[in-house]
>>> print(open('protein-v1.tsv').read())   # TSV, C-alpha atoms and all ligand atoms
chain	number	residue	atom	x	y	z
A	1311	MET	CA	6.23	-4.53	15.91
A	1312	ILE	CA	7.81	-1.06	15.81
A	1313	GLU	CA	5.37	1.55	17.15
A	1314	CYS	CA	5.19	5.29	16.60
A	1315	PRO	CA	2.38	6.48	18.90
A	1316	ASP	CA	2.45	10.13	17.80
A	1317	ILE	CA	0.92	9.47	14.36
A	1318	LYS	CA	-2.70	10.66	13.96
A	1319	LYS	CA	-5.23	9.37	11.44
A	1320	SER	CA	-6.21	12.95	10.55
A	1321	VAL	CA	-2.58	13.60	9.53
A	1322	ILE	CA	-2.54	10.50	7.28
A	1323	LYS	CA	-5.79	11.63	5.61
A	1324	ASN	CA	-4.46	15.15	5.11
A	1325	HIS	CA	-1.17	13.81	3.73
A	1326	TYR	CA	-2.95	11.83	1.00
A	1327	ASP	CA	-5.42	14.62	0.25
A	1328	VAL	CA	-2.62	17.11	-0.35
A	1329	SER	CA	0.16	14.89	-1.64
A	1330	THR	CA	-1.80	12.91	-4.23
A	1331	LEU	CA	-0.78	15.58	-6.73
A	1332	PHE	CA	2.92	15.15	-5.75
A	1333	TYR	CA	2.68	11.40	-6.19
A	1334	ARG	CA	1.08	11.86	-9.62
A	1335	LEU	CA	3.75	14.37	-10.70
A	1336	LEU	CA	6.74	12.54	-9.22
A	1337	TRP	CA	5.77	8.96	-9.78
A	1338	GLY	CA	2.52	8.18	-11.63
A	1339	PRO	CA	-0.97	6.82	-10.97
A	1340	HIS	CA	0.27	3.96	-8.74
A	1341	ILE	CA	1.31	5.07	-5.24
A	1342	HIS	CA	3.58	2.13	-4.61
A	1343	HIS	CA	7.12	0.94	-5.22
A	1344	GLY	CA	8.28	-0.31	-8.61
A	1345	TYR	CA	9.50	-3.90	-8.98
A	1346	TRP	CA	12.72	-4.21	-10.99
A	1347	LEU	CA	14.14	-7.36	-12.50
A	1348	ALA	CA	16.37	-5.49	-14.99
A	1349	ASP	CA	16.44	-1.88	-16.23
A	1350	GLU	CA	12.72	-1.37	-16.74
A	1351	SER	CA	11.36	2.20	-16.78
A	1352	PRO	CA	9.78	3.35	-13.49
A	1353	ALA	CA	6.31	3.19	-15.09
A	1354	ALA	CA	6.91	-0.39	-16.29
A	1355	ALA	CA	8.31	-1.34	-12.85
A	1356	GLN	CA	5.16	-0.07	-11.14
A	1357	ILE	CA	2.94	-2.16	-13.41
A	1358	GLN	CA	5.26	-5.12	-12.93
A	1359	LEU	CA	4.72	-4.93	-9.15
A	1360	THR	CA	0.93	-5.01	-9.61
A	1361	ALA	CA	1.02	-7.76	-12.25
A	1362	THR	CA	3.43	-9.91	-10.20
A	1363	LEU	CA	1.19	-9.73	-7.13
A	1364	ALA	CA	-1.89	-10.55	-9.25
A	1365	GLY	CA	-0.04	-13.57	-10.68
A	1366	LEU	CA	1.02	-14.81	-7.24
A	1367	ALA	CA	-2.56	-14.43	-6.01
A	1368	LYS	CA	-3.81	-16.35	-9.10
A	1369	ILE	CA	-6.59	-13.82	-9.59
A	1370	GLN	CA	-9.20	-15.22	-11.96
A	1371	PRO	CA	-11.02	-13.11	-14.57
A	1372	LYS	CA	-14.19	-11.43	-13.24
A	1373	SER	CA	-13.22	-11.88	-9.59
A	1374	VAL	CA	-14.82	-9.68	-6.95
A	1375	VAL	CA	-11.94	-7.69	-5.46
A	1376	TYR	CA	-11.80	-5.21	-2.55
A	1377	ASP	CA	-8.79	-2.90	-2.96
A	1378	ILE	CA	-8.03	-1.61	0.53
A	1379	GLY	CA	-6.14	1.69	0.52
A	1380	CYS	CA	-6.71	2.13	-3.22
A	1381	GLY	CA	-4.92	5.45	-3.74
A	1382	MET	CA	-5.70	6.96	-7.15
A	1383	GLY	CA	-7.18	3.62	-8.22
A	1384	GLY	CA	-4.02	2.31	-9.94
A	1385	SER	CA	-4.52	-1.35	-8.97
A	1386	SER	CA	-8.33	-1.25	-9.15
A	1387	ILE	CA	-8.18	0.06	-12.71
A	1388	TRP	CA	-5.45	-2.42	-13.71
A	1389	LEU	CA	-7.48	-5.36	-12.33
A	1390	ALA	CA	-10.67	-4.18	-14.05
A	1391	LYS	CA	-8.90	-3.55	-17.36
A	1392	ASN	CA	-6.74	-6.67	-17.51
A	1393	LEU	CA	-8.87	-9.23	-15.66
A	1394	GLN	CA	-12.35	-7.68	-15.88
A	1395	CYS	CA	-12.53	-7.82	-12.08
A	1396	GLN	CA	-15.40	-6.18	-10.23
A	1397	VAL	CA	-13.42	-3.92	-7.92
A	1398	THR	CA	-14.41	-1.75	-5.00
A	1399	GLY	CA	-11.60	0.50	-3.78
A	1400	VAL	CA	-11.49	2.08	-0.33
A	1401	THR	CA	-9.42	5.14	0.54
A	1402	LEU	CA	-9.27	7.48	3.52
A	1403	SER	CA	-8.84	10.44	1.19
A	1404	PRO	CA	-11.82	12.15	-0.50
A	1405	VAL	CA	-9.43	13.65	-3.07
A	1406	GLN	CA	-8.21	10.16	-4.04
A	1407	ARG	CA	-11.76	8.83	-4.26
A	1408	GLN	CA	-12.67	11.59	-6.72
A	1409	TRP	CA	-9.43	11.10	-8.66
A	1410	ALA	CA	-9.92	7.33	-8.90
A	1411	THR	CA	-13.59	7.66	-9.87
A	1412	ALA	CA	-12.75	10.14	-12.64
A	1413	SER	CA	-9.84	7.99	-13.92
A	1414	ALA	CA	-12.05	4.89	-14.12
A	1415	ALA	CA	-14.79	6.86	-15.90
A	1416	ILE	CA	-12.37	8.36	-18.44
A	1417	LYS	CA	-11.09	4.88	-19.28
A	1418	GLY	CA	-14.67	3.68	-19.90
A	1419	LEU	CA	-14.04	0.44	-18.01
A	1420	GLN	CA	-16.70	-2.25	-17.78
A	1421	PRO	CA	-17.31	-3.26	-15.09
A	1422	ARG	CA	-16.37	0.15	-13.76
A	1423	PRO	CA	-14.50	0.08	-10.43
A	1424	GLN	CA	-16.36	1.76	-7.57
A	1425	PHE	CA	-14.56	3.83	-4.97
A	1426	ARG	CA	-15.49	4.62	-1.38
A	1427	CYS	CA	-14.01	7.25	0.88
A	1428	GLU	CA	-13.99	5.34	4.17
A	1429	ASP	CA	-11.67	4.26	6.94
A	1430	ALA	CA	-10.59	0.67	6.21
A	1431	GLU	CA	-10.69	0.05	9.96
A	1432	ALA	CA	-14.43	0.86	9.99
A	1433	THR	CA	-15.61	-0.06	6.48
A	1434	GLN	CA	-18.01	-2.98	6.03
A	1435	PHE	CA	-18.50	-5.53	3.26
A	1436	PRO	CA	-20.85	-8.54	3.40
A	1437	GLU	CA	-19.37	-11.71	4.85
A	1438	GLY	CA	-18.00	-14.14	2.26
A	1439	SER	CA	-18.49	-11.71	-0.64
A	1440	ALA	CA	-14.90	-11.31	-1.99
A	1441	ASP	CA	-12.79	-13.58	-4.13
A	1442	VAL	CA	-9.80	-11.43	-3.26
A	1443	VAL	CA	-8.96	-8.75	-0.72
A	1444	TRP	CA	-6.06	-6.77	-2.20
A	1445	SER	CA	-3.97	-4.23	-0.35
A	1446	ILE	CA	-0.78	-2.53	-1.47
A	1447	GLU	CA	1.13	-0.41	1.04
A	1448	CYS	CA	-1.87	0.56	3.18
A	1449	THR	CA	-1.72	-1.65	6.27
A	1450	GLU	CA	1.36	0.29	7.48
A	1451	HIS	CA	-1.10	3.15	8.15
A	1452	LEU	CA	-3.62	1.08	10.16
A	1453	PHE	CA	-3.74	1.41	13.94
A	1454	ASP	CA	-5.19	-1.97	14.95
A	1455	LYS	CA	-3.74	-4.34	12.38
A	1456	PRO	CA	-4.85	-7.65	14.01
A	1457	ALA	CA	-8.48	-6.39	14.19
A	1458	PHE	CA	-8.36	-5.28	10.54
A	1459	PHE	CA	-7.12	-8.71	9.37
A	1460	LYS	CA	-9.92	-10.46	11.30
A	1461	LYS	CA	-12.53	-8.22	9.68
A	1462	ALA	CA	-11.03	-8.51	6.19
A	1463	ALA	CA	-10.84	-12.32	6.50
A	1464	SER	CA	-14.60	-12.41	7.13
A	1465	TRP	CA	-15.22	-10.72	3.73
A	1466	ILE	CA	-13.37	-13.49	1.83
A	1467	LYS	CA	-15.23	-16.48	0.33
A	1468	PRO	CA	-13.98	-19.97	1.17
A	1469	GLY	CA	-11.15	-20.62	-1.31
A	1470	GLY	CA	-10.57	-16.87	-1.74
A	1471	ARG	CA	-7.34	-15.01	-1.01
A	1472	PHE	CA	-5.78	-11.96	0.56
A	1473	ALA	CA	-2.97	-10.43	-1.57
A	1474	LEU	CA	-0.83	-7.98	0.38
A	1475	LEU	CA	2.29	-5.87	-0.08
A	1476	ALA	CA	3.63	-4.01	2.93
A	1477	TRP	CA	6.57	-2.10	4.32
A	1478	LEU	CA	7.91	-4.25	7.15
A	1479	SER	CA	10.23	-3.76	10.05
A	1480	GLY	CA	13.29	-5.98	9.93
A	1481	ALA	CA	13.20	-9.25	11.83
A	1482	LEU	CA	12.69	-8.60	15.55
A	1483	PRO	CA	14.31	-8.10	18.00
A	1484	MET	CA	16.38	-5.31	16.38
A	1485	SER	CA	19.28	-3.32	17.79
A	1486	ASP	CA	18.46	0.15	19.17
A	1487	ALA	CA	20.11	1.74	16.13
A	1488	HIS	CA	17.95	-0.25	13.71
A	1489	SER	CA	14.78	0.40	15.75
A	1490	GLN	CA	15.56	4.13	15.54
A	1491	GLN	CA	15.95	3.88	11.74
A	1492	ALA	CA	12.59	2.13	11.42
A	1493	LEU	CA	10.96	4.69	13.75
A	1494	ARG	CA	12.31	7.53	11.62
A	1495	VAL	CA	10.58	5.98	8.60
A	1496	CYS	CA	7.30	5.63	10.55
A	1497	GLU	CA	7.48	9.27	11.58
A	1498	GLY	CA	8.19	10.63	8.09
A	1499	MET	CA	5.80	8.31	6.24
A	1500	PHE	CA	2.96	8.51	8.80
A	1501	CYS	CA	2.90	4.86	9.90
A	1502	PRO	CA	1.59	4.25	13.45
A	1503	SER	CA	3.47	0.96	13.39
A	1504	LEU	CA	5.49	-1.38	11.17
A	1505	GLY	CA	5.00	-5.12	11.57
A	1506	SER	CA	7.72	-7.65	10.82
A	1507	GLN	CA	7.18	-10.52	8.38
A	1508	SER	CA	6.41	-12.84	11.30
A	1509	ASP	CA	3.95	-10.32	12.84
A	1510	TYR	CA	1.98	-10.37	9.56
A	1511	VAL	CA	2.00	-14.17	9.38
A	1512	GLY	CA	0.64	-14.21	12.96
A	1513	TRP	CA	-2.14	-11.71	12.13
A	1514	PHE	CA	-3.22	-13.72	9.05
A	1515	GLU	CA	-3.26	-16.95	11.04
A	1516	GLU	CA	-5.18	-15.44	13.98
A	1517	ALA	CA	-7.74	-14.26	11.38
A	1518	GLY	CA	-8.19	-17.85	10.14
A	1519	LEU	CA	-6.21	-17.50	6.89
A	1520	THR	CA	-3.33	-19.71	5.77
A	1521	VAL	CA	-0.25	-17.99	4.34
A	1522	THR	CA	0.48	-19.88	1.11
A	1523	ALA	CA	3.27	-17.62	-0.18
A	1524	LYS	CA	5.44	-14.90	1.29
A	1525	GLY	CA	8.74	-13.26	0.49
A	1526	ILE	CA	10.96	-10.21	0.67
A	1527	TRP	CA	11.34	-7.93	-2.35
A	1528	THR	CA	13.54	-5.20	-0.81
A	1529	LYS	CA	16.26	-5.55	-3.48
A	1530	GLN	CA	13.72	-5.48	-6.31
A	1531	VAL	CA	11.92	-2.31	-5.07
A	1532	LYS	CA	14.63	-0.15	-3.49
A	1533	LYS	CA	15.43	1.76	-6.68
A	1534	THR	CA	12.07	3.55	-6.27
A	1535	TRP	CA	13.53	5.91	-3.67
A	1536	GLU	CA	16.76	6.58	-5.57
A	1537	ILE	CA	14.65	7.70	-8.54
A	1538	CYS	CA	12.23	9.73	-6.40
A	1539	ARG	CA	15.12	11.48	-4.63
A	1540	LYS	CA	16.61	12.51	-7.99
A	1541	ARG	CA	13.22	13.69	-9.25
A	1542	VAL	CA	12.69	15.84	-6.12
A	1543	GLU	CA	16.09	17.48	-6.59
A	1544	LYS	CA	15.49	18.14	-10.30
A	1545	THR	CA	11.99	19.61	-9.97
A	1546	GLY	CA	10.23	22.33	-7.99
A	1547	VAL	CA	8.39	19.78	-5.85
A	1548	ARG	CA	10.24	20.70	-2.63
A	1549	TYR	CA	9.35	24.37	-3.13
A	1550	LEU	CA	5.69	23.43	-3.61
A	1551	ALA	CA	5.82	21.20	-0.50
A	1552	LYS	CA	7.18	24.12	1.58
A	1553	ILE	CA	4.23	26.25	0.55
A	1554	LEU	CA	1.77	23.48	1.43
A	1555	GLY	CA	3.13	22.75	4.91
A	1556	SER	CA	5.90	21.24	7.00
A	1557	ASN	CA	4.43	17.69	6.97
A	1558	HIS	CA	4.93	17.51	3.22
A	1559	VAL	CA	8.58	18.59	3.50
A	1560	LEU	CA	9.01	15.99	6.26
A	1561	PHE	CA	7.82	13.34	3.80
A	1562	LEU	CA	10.25	14.42	1.05
A	1563	ASP	CA	13.12	14.59	3.54
A	1564	HIS	CA	12.60	10.98	4.61
A	1565	PHE	CA	13.52	9.31	1.31
A	1566	ASP	CA	17.08	8.86	2.62
A	1567	ALA	CA	15.73	7.40	5.87
A	1568	ILE	CA	13.97	4.67	3.87
A	1569	LEU	CA	17.06	3.90	1.79
A	1570	ASN	CA	19.21	3.70	4.95
A	1571	ALA	CA	16.67	1.42	6.64
A	1572	TYR	CA	16.49	-0.87	3.59
A	1573	ASP	CA	20.31	-1.00	3.40
A	1574	SER	CA	20.76	-1.87	7.09
A	1575	GLY	CA	17.87	-4.37	7.23
A	1576	ALA	CA	15.91	-2.20	9.70
A	1577	MET	CA	13.12	-2.25	7.14
A	1578	GLU	CA	12.05	-4.75	4.47
A	1579	TYR	CA	9.45	-4.89	1.71
A	1580	GLY	CA	7.27	-7.97	1.82
A	1581	TYR	CA	4.55	-9.80	-0.07
A	1582	PHE	CA	2.00	-12.23	1.34
A	1583	ILE	CA	-0.70	-14.40	-0.18
A	1584	ALA	CA	-3.08	-15.86	2.40
A	1585	GLU	CA	-5.96	-18.19	1.64
A	1586	LYS	CA	-9.27	-18.97	3.32
A	1587	LYS	CA	-9.39	-22.73	3.15
A	1588	ASP	CA	-12.71	-24.34	2.00
B	1601	LIG	C1	0.94	4.30	-0.23
B	1601	LIG	S1	-0.71	4.58	-0.70
B	1601	LIG	C2	-1.06	3.13	-1.69
B	1601	LIG	C3	-2.18	3.37	-2.67
B	1601	LIG	C4	-2.52	2.21	-3.59
B	1601	LIG	N1	-2.67	0.97	-2.88
B	1601	LIG	C5	-1.52	2.06	-4.68
B	1601	LIG	O1	-0.79	1.07	-4.64
B	1601	LIG	O2	-1.47	2.92	-5.58
B	1601	LIG	C6	-1.59	4.26	0.81
B	1601	LIG	C7	-3.10	4.30	0.67
B	1601	LIG	O3	-3.69	3.86	1.90
B	1601	LIG	C8	-4.79	4.68	2.17
B	1601	LIG	N2	-5.11	4.61	3.60
B	1601	LIG	C9	-4.30	4.88	4.66
B	1601	LIG	N3	-4.98	4.68	5.81
B	1601	LIG	C10	-6.22	4.26	5.47
B	1601	LIG	C11	-7.37	3.90	6.19
B	1601	LIG	N4	-7.40	3.91	7.53
B	1601	LIG	N5	-8.48	3.55	5.49
B	1601	LIG	C12	-8.49	3.53	4.14
B	1601	LIG	N6	-7.41	3.86	3.40
B	1601	LIG	C13	-6.30	4.22	4.06
B	1601	LIG	C14	-4.40	6.05	1.70
B	1601	LIG	O4	-5.54	6.87	1.53
B	1601	LIG	C15	-3.69	5.67	0.39
B	1601	LIG	O5	-4.66	5.54	-0.60
>>> encode(input="protein-v1.tsv", output="structure tokens")
Amino acid sequence: MIECPDIKKSVIKNHYDVSTLFYRLLWGPHIHHGYWLADESPAAAQIQLTATLAGLAKIQPKSVVYDIGCGMGGSSIWLAKNLQCQVTGVTLSPVQRQWATASAAIKGLQPRPQFRCEDAEATQFPEGSADVVWSIECTEHLFDKPAFFKKAASWIKPGGRFALLAWLSGALPMSDAHSQQALRVCEGMFCPSLGSQSDYVGWFEEAGLTVTAKGIWTKQVKKTWEICRKRVEKTGVRYLAKILGSNHVLFLDHFDAILNAYDSGAMEYGYFIAEKKD
């Protein structure tokens, strides 16, 4: 695991409170990479990422889903709309909770997704209550990842699944140069650590889950940052970020760091499906 001990949870919360508007302007209602197979539009690629993960996790209609690190509710709303899932989303950011709640209400979804503003490392759900725990690009921000996976596994019913997408460090051990590239990403994107693919497999297994599918999608998602970089240059977003504070400029300035880390293999983008056996 690559560790960046200077990151503070209060900074992560503040980042999402303030930057949710940037994400919405620059990218859309999903705060995650797009998944490209051809020349899809960015909006279609974002939905394709969500739909592909839902397909791999074999999510059944009307499943009970906990969306950990739910952002503006992009996945929660998609799962409620397309699969009539009963979704509870959890986000650290009160702004995102309000945004997600309003978006779900405007869409008139039934059942309507519910959103909590809580720390995923402290939140509680009843044991064995979820068909699926779903998490896209949130576990990078967690401080005690093994403890989180143990807790989340307890929420899952026998036969249920954990569907996860995460930014990963490259396979360890890495050269000093590659470790520095991954650290630069952690610093700019507020990740206290980045696990490798094998770290994640270990955490699922220690939590009593069996990894039934896993893979690397770096090539399919990388275009996200090329598009975002162009959009930052073409719009007044950097000017707005300067007014709002240096952390937000730091974030915009790290798009190249991610692209470099993806190109060198210092960082990867991975999916995992893990099952709680009956
Ligand atoms: C990159 S965004 C992904 C959002 C969403 N999953 C999506 O795909 O649109 C990361 C999310 O993780 C959330 N997050 C980070 N740390 C968290 C924590 N400790 N507890 C709950 N949510 C957290 C942020 O608030 C944000 O919603």
>>> atom_distance(input="protein-v1.tsv", atom1="CA of Leu1452 (chain A)", atom2="CA of Ala1355 (chain A)")
26.0 Å
>>> residues_near_ligand(input="protein-v1.tsv", ligand="ligand LIG 1601 (chain B)", cutoff="7 Å", atoms="only C-alpha atoms and all ligand atoms", output="compact mmCIF listing (two decimals) with C-alpha atoms, in the frame of the given file")
# COMPACT_ATOMS: atom_id res chain seq x y z
CA ILE A 1322 -2.54 10.50 7.28
CA LYS A 1323 -5.79 11.63 5.61
CA TYR A 1326 -2.95 11.83 1.00
CA PRO A 1339 -0.97 6.82 -10.97
CA HIS A 1340 0.27 3.96 -8.74
CA ILE A 1341 1.31 5.07 -5.24
CA HIS A 1342 3.58 2.13 -4.61
CA ILE A 1378 -8.03 -1.61 0.53
CA GLY A 1379 -6.14 1.69 0.52
CA CYS A 1380 -6.71 2.13 -3.22
CA GLY A 1381 -4.92 5.45 -3.74
CA MET A 1382 -5.70 6.96 -7.15
CA GLY A 1383 -7.18 3.62 -8.22
CA GLY A 1384 -4.02 2.31 -9.94
CA SER A 1385 -4.52 -1.35 -8.97
CA VAL A 1400 -11.49 2.08 -0.33
CA THR A 1401 -9.42 5.14 0.54
CA LEU A 1402 -9.27 7.48 3.52
CA SER A 1403 -8.84 10.44 1.19
CA GLN A 1406 -8.21 10.16 -4.04
CA GLU A 1428 -13.99 5.34 4.17
CA ASP A 1429 -11.67 4.26 6.94
CA ALA A 1430 -10.59 0.67 6.21
CA GLU A 1431 -10.69 0.05 9.96
CA SER A 1445 -3.97 -4.23 -0.35
CA ILE A 1446 -0.78 -2.53 -1.47
CA GLU A 1447 1.13 -0.41 1.04
CA CYS A 1448 -1.87 0.56 3.18
CA HIS A 1451 -1.10 3.15 8.15
CA LEU A 1452 -3.62 1.08 10.16
>>> residues_around(input="protein-v1.tsv", residues="Val1521 (chain A)", least_positions_apart="3", cutoff="12 Å", atoms="all atoms listed in the file", output="PyMOL selection string")
chain A and resi 1367+1471-1474+1507-1508+1510-1518+1524-1525+1581-1587
>>> atom_distance(input="protein-v1.tsv", atom1="CA of Leu1347 (chain A)", atom2="CA of Cys1538 (chain A)")
18.2 Å
>>> residues_around(input="protein-v1.tsv", residues="Val1374 (chain A)", least_positions_apart="4", cutoff="9 Å", atoms="only C-alpha atoms", output="JSON list (two decimals) with C-alpha atoms, keeping the file's coordinate frame")
[["chain", "number", "residue", "atom", "x", "y", "z"],
["A", 1395, "CYS", "CA", -12.53, -7.82, -12.08],
["A", 1396, "GLN", "CA", -15.40, -6.18, -10.23],
["A", 1397, "VAL", "CA", -13.42, -3.92, -7.92],
["A", 1398, "THR", "CA", -14.41, -1.75, -5.00],
["A", 1439, "SER", "CA", -18.49, -11.71, -0.64],
["A", 1440, "ALA", "CA", -14.90, -11.31, -1.99],
["A", 1441, "ASP", "CA", -12.79, -13.58, -4.13],
["A", 1442, "VAL", "CA", -9.80, -11.43, -3.26],
["A", 1443, "VAL", "CA", -8.96, -8.75, -0.72]]
>>> closest_residue(input="protein-v1.tsv", among="A:Ile1357, A:Leu1363, A:Leu1419, A:Ala1476", to="Cys1501 (chain A)", atoms="all atoms listed in the file")
A:Ala1476
>>> atom_distance(input="protein-v1.tsv", atom1="CA of Glu1536 (chain A)", atom2="CA of Ile1568 (chain A)")
10.0 Å
>>> closest_residue(input="protein-v1.tsv", among="A:Lys1460, A:Lys1319, A:Arg1422, A:Lys1529", to="Ala1390 (chain A)", atoms="only C-alpha atoms")
A:Arg1422
>>> closest_residue(input="protein-v1.tsv", among="A:Met1577, A:Leu1389, A:Ala1353, A:Val1375", to="Gln1490 (chain A)", atoms="all atoms listed in the file")
A:Met1577
>>> closest_residue(input="protein-v1.tsv", among="A:Gly1365, A:Ile1466, A:Trp1477, A:Leu1359", to="Tyr1345 (chain A)", atoms="only C-alpha atoms")
A:Leu1359
>>> axis_aligned_box(input="protein-v1.tsv", around="region 1410-1423 of chain A", padding_each_side="3 Å", output="AutoDock Vina command-line options")
--center_x -13.6 --center_y 3.4 --center_z -14.4 --size_x 13.5 --size_y 19.4 --size_z 17.0
>>> closest_residue(input="protein-v1.tsv", among="A:Leu1569, A:Leu1393, A:Ala1354, A:Leu1493", to="Asp1316 (chain A)", atoms="all atoms listed in the file")
A:Leu1493
>>> closest_residue(input="protein-v1.tsv", among="A:Cys1496, A:Leu1366, A:Leu1335, A:Ala1410", to="Thr1522 (chain A)", atoms="only C-alpha atoms")
A:Leu1366
